[in-house]
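Source file protein36.cif; content: mmCIF, C-alpha atoms and all ligand atoms.
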data_data
#
loop_
_atom_site.label_atom_id
_atom_site.label_comp_id
_atom_site.auth_asym_id
_atom_site.auth_seq_id
_atom_site.Cartn_x
_atom_site.Cartn_y
_atom_site.Cartn_z
CA MET A 11 92.52 77.85 105.43
CA ILE A 12 94.78 76.93 102.50
CA PHE A 13 93.42 76.99 98.95
CA ILE A 14 94.80 74.86 96.12
CA LYS A 15 94.59 77.88 93.92
CA THR A 16 93.71 81.52 94.47
CA VAL A 17 91.44 82.79 91.71
CA VAL A 18 92.81 85.99 90.15
CA LEU A 19 90.27 88.03 88.15
CA ASP A 20 90.79 91.25 86.21
CA ALA A 21 88.94 94.32 87.49
CA PHE A 22 90.32 97.42 85.84
CA ASP A 23 87.04 99.05 84.95
CA ALA A 24 84.02 99.03 87.25
CA LYS A 25 81.61 98.86 84.29
CA LYS A 26 83.38 96.57 81.81
CA ASP A 27 84.55 94.16 84.49
CA ILE A 28 81.32 94.13 86.49
CA GLU A 29 80.86 90.36 86.02
CA ASN A 30 84.18 89.68 87.77
CA ILE A 31 83.33 92.16 90.52
CA ARG A 32 80.02 90.32 91.00
CA LEU A 33 81.86 87.01 91.36
CA ALA A 34 84.06 88.63 94.02
CA ALA A 35 80.96 89.98 95.78
CA GLU A 36 79.55 86.42 95.85
CA VAL A 37 82.71 85.23 97.61
CA ILE A 38 82.27 87.97 100.24
CA LYS A 39 78.57 87.11 100.70
CA ASN A 40 79.50 83.45 101.19
CA GLY A 41 81.95 84.24 103.98
CA GLY A 42 85.14 84.13 101.89
CA LEU A 43 88.09 86.52 101.51
CA VAL A 44 88.76 88.78 98.51
CA ALA A 45 91.76 91.06 98.02
CA PHE A 46 90.78 94.24 96.16
CA PRO A 47 92.29 97.59 95.13
CA THR A 48 91.62 100.87 96.89
CA GLU A 49 93.11 104.33 96.26
CA THR A 50 95.52 103.85 99.18
CA VAL A 51 96.72 100.21 99.21
CA TYR A 52 95.14 96.84 98.36
CA GLY A 53 92.76 95.55 101.04
CA LEU A 54 91.89 92.03 102.18
CA GLY A 55 88.12 92.00 102.60
CA ALA A 56 85.47 89.94 104.34
CA ASN A 57 81.85 90.53 105.33
CA ALA A 58 82.21 92.78 108.39
CA LEU A 59 79.04 91.34 109.93
CA ASP A 60 80.20 87.71 109.70
CA GLU A 61 82.35 86.84 112.69
CA SER A 62 83.90 83.68 111.28
CA ALA A 63 84.72 85.34 107.94
CA VAL A 64 86.47 88.18 109.77
CA LYS A 65 88.46 85.69 111.85
CA GLU A 66 89.83 84.22 108.61
CA ILE A 67 91.38 87.61 107.77
CA PHE A 68 93.58 87.40 110.87
CA VAL A 69 94.62 83.84 109.96
CA ALA A 70 95.40 84.64 106.31
CA LYS A 71 97.59 87.63 107.22
CA GLY A 72 99.11 86.22 110.38
CA ARG A 73 97.76 89.33 112.07
CA PRO A 74 97.76 89.72 115.86
CA GLN A 75 94.21 89.38 117.22
CA ASP A 76 94.39 92.66 119.15
CA ASN A 77 94.78 94.77 116.03
CA PRO A 78 91.34 96.05 114.93
CA LEU A 79 90.16 96.33 111.32
CA ILE A 80 88.76 99.17 109.24
CA VAL A 81 85.22 98.70 107.92
CA HIS A 82 84.67 99.95 104.36
CA VAL A 83 81.25 101.23 103.29
CA ASP A 84 79.86 102.63 100.04
CA SER A 85 77.67 105.29 101.67
CA ILE A 86 76.82 107.08 104.90
CA GLU A 87 73.57 105.11 104.83
CA MET A 88 75.48 101.82 105.01
CA MET A 89 77.59 103.19 107.85
CA MET A 90 74.79 104.45 110.10
CA PRO A 91 73.72 101.12 111.67
CA LEU A 92 77.37 100.32 112.50
CA VAL A 93 78.11 103.32 114.72
CA CYS A 94 76.50 105.09 117.67
CA GLY A 95 75.91 108.64 116.64
CA PHE A 96 77.45 110.54 113.78
CA ASP A 97 78.28 113.87 115.38
CA LYS A 98 78.92 117.27 113.81
CA ARG A 99 82.66 116.75 113.62
CA ALA A 100 82.31 113.39 111.87
CA LYS A 101 79.84 114.85 109.42
CA ALA A 102 82.16 117.76 108.65
CA LEU A 103 85.03 115.35 107.98
CA ALA A 104 82.85 113.13 105.80
CA ASP A 105 81.63 116.14 103.81
CA ALA A 106 85.20 117.32 103.25
CA PHE A 107 87.10 114.07 102.62
CA TRP A 108 84.72 111.20 101.77
CA PRO A 109 84.84 109.35 99.54
CA GLY A 110 88.61 109.26 100.03
CA PRO A 111 91.65 108.16 102.01
CA LEU A 112 90.41 109.05 105.51
CA THR A 113 89.35 106.64 108.26
CA ILE A 114 87.22 107.98 111.10
CA ILE A 115 87.01 106.24 114.50
CA MET A 116 83.63 106.47 116.19
CA LYS A 117 81.66 104.55 118.84
CA ARG A 118 80.72 101.05 117.67
CA SER A 119 77.14 99.78 117.64
CA GLU A 120 76.03 96.30 118.77
CA ARG A 121 75.61 95.22 115.14
CA VAL A 122 79.34 94.83 114.57
CA PRO A 123 80.97 91.66 115.92
CA ASN A 124 83.65 92.17 118.62
CA VAL A 125 86.33 90.54 116.52
CA VAL A 126 86.24 93.39 113.96
CA SER A 127 87.46 95.99 116.42
CA ALA A 128 89.40 93.55 118.59
CA GLY A 129 87.01 94.06 121.49
CA LEU A 130 87.29 97.88 121.50
CA GLU A 131 84.11 99.90 121.89
CA THR A 132 85.05 101.91 118.85
CA LEU A 133 84.96 101.27 115.11
CA ALA A 134 87.13 102.52 112.25
CA ILE A 135 85.10 103.47 109.16
CA ARG A 136 86.23 104.41 105.67
CA LEU A 137 84.35 105.31 102.50
CA PRO A 138 86.92 104.74 99.75
CA SER A 139 86.98 106.71 96.50
CA ASP A 140 88.32 103.85 94.39
CA GLU A 141 85.68 102.78 91.85
CA ILE A 142 86.45 99.06 92.01
CA ALA A 143 86.39 99.02 95.82
CA ARG A 144 83.04 100.80 95.86
CA ALA A 145 81.54 98.57 93.19
CA LEU A 146 82.58 95.52 95.22
CA ILE A 147 80.93 96.86 98.40
CA THR A 148 77.79 97.84 96.49
CA GLU A 149 77.50 94.48 94.71
CA ALA A 150 78.00 92.63 98.00
CA GLY A 151 75.49 94.96 99.67
CA LEU A 152 77.53 94.61 102.86
CA PRO A 153 80.12 96.57 104.82
CA ILE A 154 83.55 95.04 104.18
CA ALA A 155 86.18 94.73 106.92
CA ALA A 156 89.60 95.04 105.31
CA PRO A 157 93.14 95.50 106.54
CA SER A 158 95.95 95.98 104.02
CA ALA A 159 96.39 92.82 101.92
CA ASN A 160 99.96 92.01 102.94
CA LEU A 161 101.38 89.41 105.29
CA SER A 162 101.53 91.00 108.72
CA GLY A 163 104.81 92.92 109.12
CA SER A 164 105.66 93.29 105.44
CA PRO A 165 105.12 96.49 103.43
CA SER A 166 101.50 97.18 102.40
CA PRO A 167 100.71 96.13 98.81
CA THR A 168 100.40 98.91 96.25
CA CYS A 169 99.85 96.65 93.21
CA ALA A 170 98.20 93.30 92.54
CA GLN A 171 101.59 91.55 92.14
CA HIS A 172 102.46 92.40 95.75
CA VAL A 173 99.21 90.74 96.89
CA VAL A 174 99.78 87.64 94.75
CA LYS A 175 103.26 87.29 96.27
CA ASP A 176 102.03 87.58 99.87
CA LEU A 177 98.61 85.91 99.85
CA SER A 178 98.43 83.29 97.08
CA VAL A 179 96.72 80.12 98.35
CA ARG A 180 95.84 81.96 101.57
CA VAL A 181 92.77 83.69 100.11
CA GLU A 182 90.01 82.63 97.79
CA MET A 183 90.19 85.50 95.29
CA ILE A 184 92.34 88.46 94.26
CA LEU A 185 91.07 91.25 92.01
CA ASN A 186 93.86 92.17 89.62
CA SER A 187 93.62 95.90 89.06
CA HIS A 188 95.59 99.15 88.80
CA SER A 189 98.43 100.25 91.06
CA CYS A 190 97.29 102.39 93.99
CA SER A 191 97.51 106.12 93.34
CA VAL A 192 98.03 107.22 96.96
CA GLY A 193 100.39 104.41 97.98
CA VAL A 194 100.23 104.77 101.78
CA GLU A 195 97.32 103.70 103.98
CA SER A 196 94.51 106.07 104.92
CA THR A 197 94.82 108.83 107.48
CA VAL A 198 93.24 107.56 110.74
CA ILE A 199 91.58 110.10 113.05
CA SER A 200 89.75 109.32 116.27
CA LEU A 201 86.71 111.35 117.29
CA VAL A 202 86.10 109.34 120.44
CA GLY A 203 87.91 111.58 122.93
CA GLU A 204 87.23 115.22 123.63
CA LYS A 205 89.81 116.40 121.13
CA PRO A 206 90.21 114.85 117.67
CA ARG A 207 93.39 112.77 117.61
CA LEU A 208 95.46 111.74 114.60
CA LEU A 209 96.43 108.09 115.02
CA ARG A 210 98.02 107.49 111.61
CA PRO A 211 99.14 110.16 109.11
CA GLY A 212 98.17 109.69 105.46
CA PHE A 213 97.26 111.48 102.26
CA VAL A 214 94.71 113.69 104.05
CA THR A 215 97.14 115.94 105.92
CA VAL A 216 97.14 117.47 109.42
CA GLU A 217 96.69 120.90 107.83
CA GLU A 218 93.63 119.72 105.88
CA LEU A 219 92.09 118.10 108.97
CA GLU A 220 92.70 121.23 111.03
CA SER A 221 91.06 123.39 108.37
CA VAL A 222 87.85 121.47 109.13
CA LEU A 223 88.17 120.63 112.84
CA GLY A 224 90.45 123.27 114.32
CA GLU A 225 93.41 122.04 116.33
CA ILE A 226 93.94 118.27 116.51
CA GLU A 227 96.25 116.20 118.70
CA ILE A 228 98.88 113.98 117.12
CA ASP A 229 99.31 110.64 118.83
CA LYS A 230 102.84 110.07 120.06
CA ALA A 231 103.00 106.71 118.26
CA VAL A 232 103.26 108.67 115.00
CA PHE A 233 106.82 109.64 115.90
CA ASN A 234 108.04 107.08 118.39
CA SER A 235 108.76 103.45 118.72
CA ILE A 236 106.27 101.79 121.03
CA ALA A 237 107.02 98.84 123.29
CA ASN A 238 105.10 95.76 122.13
CA ASP A 239 103.25 95.40 125.42
CA ALA A 240 102.26 99.05 125.59
CA VAL A 241 98.64 100.13 125.63
CA VAL A 242 98.17 102.44 122.67
CA ASN A 243 95.34 104.25 120.99
CA ALA A 244 95.87 102.63 117.56
CA PRO A 245 96.92 99.09 118.33
CA GLY A 246 98.37 98.67 114.82
CA MET A 247 100.92 101.41 115.42
CA LYS A 248 102.90 99.38 117.94
CA TYR A 249 103.96 96.52 115.66
CA LYS A 250 107.07 96.50 113.54
CA HIS A 251 105.76 97.23 110.10
CA TYR A 252 106.57 97.71 106.47
CA ALA A 253 110.01 96.26 107.02
CA PRO A 254 112.17 94.54 104.43
CA LYS A 255 114.26 91.62 105.71
CA ALA A 256 117.44 93.73 105.95
CA PRO A 257 117.73 96.38 108.67
CA VAL A 258 116.90 99.90 107.49
CA LYS A 259 118.64 102.97 108.86
CA ILE A 260 117.65 106.53 108.07
CA LEU A 261 120.40 109.06 107.50
CA LYS A 262 119.23 112.58 108.30
CA GLY A 263 121.23 115.34 106.61
CA SER A 264 122.30 116.66 103.21
CA PHE A 265 122.85 114.49 100.14
CA GLU A 266 126.59 115.33 100.33
CA ALA A 267 126.73 113.99 103.89
CA PHE A 268 124.72 110.90 102.81
CA LYS A 269 127.21 110.12 100.01
CA GLU A 270 130.14 110.58 102.35
CA TYR A 271 128.59 108.29 105.00
CA LEU A 272 128.01 105.51 102.45
CA GLU A 273 131.60 105.77 101.14
CA LYS A 274 133.02 105.54 104.65
CA ASN A 275 130.83 102.60 105.72
CA LYS A 276 130.72 100.74 102.40
CA CYS A 277 130.13 96.99 102.77
CA ASP A 278 128.76 94.00 100.87
CA GLY A 279 124.97 94.04 100.53
CA MET A 280 124.61 97.77 101.15
CA VAL A 281 121.63 99.30 99.32
CA ALA A 282 120.76 103.00 99.28
CA MET A 283 117.21 104.35 99.19
CA CYS A 284 117.51 107.82 97.74
CA PHE A 285 115.56 110.52 95.92
CA SER A 286 115.14 110.65 92.13
CA GLY A 287 118.28 111.66 90.26
CA GLU A 288 120.64 110.90 93.17
CA GLY A 289 121.42 107.25 92.43
CA CYS A 290 123.87 107.91 89.59
CA GLU A 291 126.14 109.75 92.02
CA LEU A 292 126.40 106.76 94.36
CA SER A 293 128.82 103.84 94.11
CA VAL A 294 126.48 101.30 95.74
CA PRO A 295 123.24 99.67 94.44
CA PHE A 296 120.30 102.00 94.96
CA ILE A 297 116.55 102.49 94.68
CA GLU A 298 115.04 105.89 94.07
CA PHE A 299 111.70 106.54 95.75
CA GLY A 300 110.58 109.84 94.26
CA ALA A 301 111.72 113.45 93.99
CA GLU A 302 113.03 115.09 97.18
CA ASP A 303 110.44 117.86 97.00
CA ASN A 304 107.50 115.63 95.98
CA SER A 305 106.03 113.84 99.02
CA LYS A 306 103.07 112.52 97.04
CA GLU A 307 105.38 110.75 94.60
CA GLN A 308 107.38 109.34 97.54
CA ALA A 309 104.15 108.04 99.09
CA THR A 310 103.22 106.26 95.85
CA ARG A 311 106.62 104.60 95.52
CA LEU A 312 107.79 103.91 99.09
CA PHE A 313 106.29 100.47 99.71
CA ASP A 314 107.35 99.14 96.32
CA ALA A 315 110.87 100.42 97.02
CA LEU A 316 110.91 98.61 100.38
CA ARG A 317 109.88 95.38 98.63
CA GLN A 318 112.51 95.83 95.88
CA VAL A 319 115.20 96.08 98.50
CA ASP A 320 114.41 92.49 99.46
CA GLU A 321 114.65 91.40 95.83
CA MET A 322 118.13 92.93 95.70
CA SER A 323 119.09 90.71 98.66
CA ALA A 324 120.15 93.74 100.64
CA LYS A 325 121.96 93.13 103.93
CA ILE A 326 121.74 96.73 105.11
CA VAL A 327 119.68 99.63 103.77
CA TYR A 328 120.47 103.31 104.22
CA ALA A 329 117.64 105.70 103.38
CA ARG A 330 117.47 109.44 102.83
CA CYS A 331 115.24 111.21 105.35
CA PRO A 332 112.05 112.64 103.76
CA ASN A 333 110.71 116.05 104.73
CA GLN A 334 107.74 115.93 107.08
CA ASN A 335 105.45 118.53 105.60
CA GLY A 336 101.98 117.63 104.35
CA VAL A 337 101.90 114.09 102.94
CA GLY A 338 105.59 113.90 103.93
CA LEU A 339 104.48 113.14 107.50
CA ALA A 340 102.94 109.87 106.28
CA VAL A 341 106.03 108.97 104.24
CA THR A 342 108.28 109.74 107.20
CA ASN A 343 106.09 107.73 109.60
CA ARG A 344 106.12 104.61 107.35
CA LEU A 345 109.85 104.82 106.63
CA PHE A 346 110.65 105.40 110.33
CA LYS A 347 108.57 102.34 111.20
CA ALA A 348 110.43 100.27 108.60
CA ALA A 349 113.63 101.44 110.31
CA GLY A 350 112.34 100.70 113.80
CA PHE A 351 112.74 104.49 114.34
CA GLU A 352 116.54 104.25 113.90
CA VAL A 353 117.71 107.61 112.64
CA ILE A 354 121.36 108.61 112.32
CA LYS A 355 121.93 112.36 112.34
CA LEU A 356 124.72 113.30 109.94
O1 LIG A 401 94.07 102.68 103.57
C1 LIG A 401 93.72 101.89 104.42
O2 LIG A 401 93.29 102.25 105.54
C2 LIG A 401 93.81 100.38 104.08
C3 LIG A 401 92.83 100.11 102.96
C4 LIG A 401 92.69 98.65 102.65
O3 LIG A 401 91.61 100.69 103.24
N1 LIG A 401 93.57 99.59 105.24
C5 LIG A 401 94.45 99.50 106.27
O4 LIG A 401 94.08 98.65 107.28
O5 LIG A 401 95.50 100.11 106.29
P1 LIG A 401 95.10 98.15 108.40
O6 LIG A 401 94.35 97.12 109.14
O7 LIG A 401 96.35 97.72 107.77
O8 LIG A 401 95.30 99.36 109.34
C6 LIG A 401 94.26 99.78 110.19
C7 LIG A 401 94.79 100.71 111.25
C8 LIG A 401 95.61 99.96 112.28
O9 LIG A 401 96.69 100.77 112.70
C9 LIG A 401 94.57 99.75 113.40
O10 LIG A 401 95.18 99.56 114.65
C10 LIG A 401 93.78 101.03 113.33
O11 LIG A 401 93.68 101.31 111.94
N2 LIG A 401 92.43 100.86 113.87
C11 LIG A 401 91.40 100.13 113.36
N3 LIG A 401 90.32 100.17 114.17
C12 LIG A 401 90.65 100.97 115.21
C13 LIG A 401 89.96 101.41 116.37
N4 LIG A 401 88.72 101.04 116.63
N5 LIG A 401 90.63 102.22 117.24
C14 LIG A 401 91.90 102.58 116.97
N6 LIG A 401 92.61 102.20 115.88
C15 LIG A 401 91.99 101.40 115.02
MG MG A 402 98.27 97.13 107.48
#

Do you think you could lay out the structure here as structure tokens?
Amino acid sequence: MIFIKTVVLDAFDAKKDIENIRLAAEVIKNGGLVAFPTETVYGLGANALDESAVKEIFVAKGRPQDNPLIVHVDSIEMMMPLVCGFDKRAKALADAFWPGPLTIIMKRSERVPNVVSAGLETLAIRLPSDEIARALITEAGLPIAAPSANLSGSPSPTCAQHVVKDLSVRVEMILNSHSCSVGVESTVISLVGEKPRLLRPGFVTVEELESVLGEIEIDKAVFNSIANDAVVNAPGMKYKHYAPKAPVKILKGSFEAFKEYLEKNKCDGMVAMCFSGEGCELSVPFIEFGAEDNSKEQATRLFDALRQVDEMSAKIVYARCPNQNGVGLAVTNRLFKAAGFEVIKL
């Protein structure tokens, strides 16, 4: 559906802006789409129990139909009818990390339309900590299915301007709010198999999950490129993602080696993605995406940096390789995906 105009309403404070949040909740209740902030990235929401509303999400984003959505709830109570069983492990995770940037995959109940989880027998559930997101769910009184509010394939939106750029006239309403503090999408963990399995790294780290669950498996899609026709555990992990228009290549090695490589291969349209404080030593246009030793800062800035590269009309992008510890695993995963897993060892 194309709208003549997307309504953009301010929602910076869940109390002061409650009237606008209520208007957004009305849109959701009437089967429409609303983009809203969360602590991770902006989401594009619809009533998770309304099949035709959920179908519109796929159309608006240009999202492949086989990529299931995460359902957002404001409480365990709202979640219970949507899943079959909430076992000890799920409860332990919820106690430790909800509300927050963790998505848990469980068995789906009959209540949830097939289209939400792309026909899978499982369902991804998240209880966000963001106040505006929770107020929206509470005012709607419904679980909200929401992928990231970007066009499929482009970097996830970490501020309202990103959403306006991607989804204007494609959705009925956008809540204009703060930039996202986490900046990468939620950690996704599946509790469906015998062993808990990490499907997507995020702000809740492997170490934190293991402190609650004991050892977890890490899906191989976290590190590797997946063929588009492959059967994978997290269908979303197989698509090219987060990519600017120009090809991105990751250069793994020291900053000295990075500088040398850029000098040797210098060409028109080259843009460097480097750590804070490094740009002034380079002789090509650059974007800094956080301090080398601060993965959380890199997470907050990465997607905006990938979008800026497009605005600089880059023809080729060379990026520094982040460290993989803690939240760094999520940063590395997203940057590797943007690069189609092309890493050059220096
Ligand atoms: O932080 C987030 O999770 C954001 C905000 C809006 O909450 N949402 C988000 O949604 O990133 P999306 O659709 O962009 O990513 C959902 C990921 C995809 O990789 C999808 O394949 C996976 O979760 N997923 C969803 N349901 C699943 C299921 N039943 N089994 C396996 N993977 C699932
Ligand atoms: Mg997404």

Next on the checklist: Ranking A:Ser164, A:Thr16, A:Asn57, A:Asn275 by minimum distance to ligand LIG 401 (chain A) and counting all atoms listed in the file, which one comes first?
Outcome noted: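 Smallest distance to ligand LIG 401 (chain A) is found for A:Ser164.
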
Item to check | Point-to-point distance from atom CA of A:Ser62 to atom CA of A:Val122, Å rounded to tenths | outcome: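 According to the coordinates, atom CA of A:Ser62 and atom CA of A:Val122 are separated by 12.5 Å.
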
Item to check | Selection within 7 Å of ligand LIG 401 (chain A) by all atoms listed in the file, output as a VMD selection string | outcome: chain A and resid 48 50 to 54 77 to 80 111 113 115 127 130 132 to 134 136 156 to 159 194 to 196 198 210 243 to 247

Contacts of A:Ile199 at 10 Å or less, counting all atoms listed in the file, minus same-chain residues fewer than 5 places along, as a PDB file with C-alpha atoms, in the coordinates of the input?
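Wrote it out as result07.pdb, contents follow:
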ATOM      1  CA  ALA A 100      82.310 113.390 111.870  1.00  0.00           C
ATOM      2  CA  LEU A 103      85.030 115.350 107.980  1.00  0.00           C
ATOM      3  CA  LEU A 112      90.410 109.050 105.510  1.00  0.00           C
ATOM      4  CA  THR A 113      89.350 106.640 108.260  1.00  0.00           C
ATOM      5  CA  ILE A 114      87.220 107.980 111.100  1.00  0.00           C
ATOM      6  CA  ILE A 115      87.010 106.240 114.500  1.00  0.00           C
ATOM      7  CA  MET A 116      83.630 106.470 116.190  1.00  0.00           C
ATOM      8  CA  ALA A 134      87.130 102.520 112.250  1.00  0.00           C
ATOM      9  CA  PRO A 206      90.210 114.850 117.670  1.00  0.00           C
ATOM     10  CA  ARG A 207      93.390 112.770 117.610  1.00  0.00           C
ATOM     11  CA  LEU A 208      95.460 111.740 114.600  1.00  0.00           C
ATOM     12  CA  LEU A 209      96.430 108.090 115.020  1.00  0.00           C
ATOM     13  CA  ARG A 210      98.020 107.490 111.610  1.00  0.00           C
ATOM     14  CA  PRO A 211      99.140 110.160 109.110  1.00  0.00           C
ATOM     15  CA  VAL A 216      97.140 117.470 109.420  1.00  0.00           C
ATOM     16  CA  LEU A 219      92.090 118.100 108.970  1.00  0.00           C
ATOM     17  CA  ILE A 226      93.940 118.270 116.510  1.00  0.00           C
ATOM     18  CA  GLU A 227      96.250 116.200 118.700  1.00  0.00           C
ATOM     19  CA  ILE A 228      98.880 113.980 117.120  1.00  0.00           C
ATOM     20  CA  ASP A 229      99.310 110.640 118.830  1.00  0.00           C
ATOM     21  CA  ALA A 244      95.870 102.630 117.560  1.00  0.00           C
TER      22      ALA A 244
END

Item to check | Counting all atoms listed in the file, the option among A:Pro165, A:Gly350, A:Gly72, A:Pro138 closest to ligand MG 402 (chain A) | outcome: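 Among the listed residues, A:Pro165 lies closest to ligand MG 402 (chain A).
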
Checklist entry - So, counting all atoms listed in the file, which residue among A:Gly193, A:Gly212, A:Pro109, A:Pro332 is closest to A:Lys262? => result A:Pro332

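For the residues A:Asn343, A:Ser221, A:Ala155, A:Gly163, ranking by smallest atom-to-atom distance to ligand MG 402 (chain A) using all atoms listed in the file places A:Gly163 first.
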
Next on the checklist: Restricting the calculation to all atoms listed in the file: of A:Ser305, A:Ser162, A:Ser139, A:Ser323, which residue gets closest to ligand MG 402 (chain A)?
Outcome noted: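 Of all the options, A:Ser162 lies closest to ligand MG 402 (chain A).
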
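Each of A:Met183, A:Met322, A:Val202, A:Ile12 was checked against A:Val93 using only C-alpha atoms; the smallest atom-to-atom distance is that of A:Val202.
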
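When atom CA of A:Glu266 is paired with atom CA of A:Gly289, their separation reads 12.4 Å.
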
Next on the checklist: Quick check, in Å to one decimal: how far apart do atom CA of A:Asp140 and atom CA of A:Pro74 lie?
Outcome noted: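 Interatomic distance, atom CA of A:Asp140 to atom CA of A:Pro74: 27.4 Å.
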
Next on the checklist: Please list as a list of chain:residue names every residue within 12 Å of A:Asn40, counting only C-alpha atoms and excluding residues in the same chain fewer than 5 positions away.
Outcome noted: A:Leu33, A:Ala34, A:Ala35, A:Ala56, A:Asn57, A:Leu59, A:Asp60, A:Ser62, A:Ala63, A:Ala150, A:Leu152, A:Glu182

Next on the checklist: Residues near A:Val294, anyone? I mean within 10 Å using all atoms listed in the file, not counting same-chain ones fewer than 3 positions away, as a ChimeraX atom specification.
Outcome noted: /A:269,272-273,276-282,289-291

Item to check | Radius query 10 Å about (92.9, 78.7, 97.4), atoms used: all atoms listed in the file, as a list of chain:residue names | outcome: A:Met11, A:Ile12, A:Phe13, A:Ile14, A:Lys15, A:Thr16, A:Val17, A:Leu177, A:Ser178, A:Val179, A:Arg180, A:Val181, A:Glu182, A:Met183

Item to check | Spatial neighbours of A:Ile297, 10 Å, all atoms listed in the file, chain gap at least 4 places, as a ChimeraX atom specification | outcome: /A:281-286,288-289,312,314-316,318-319,322,329
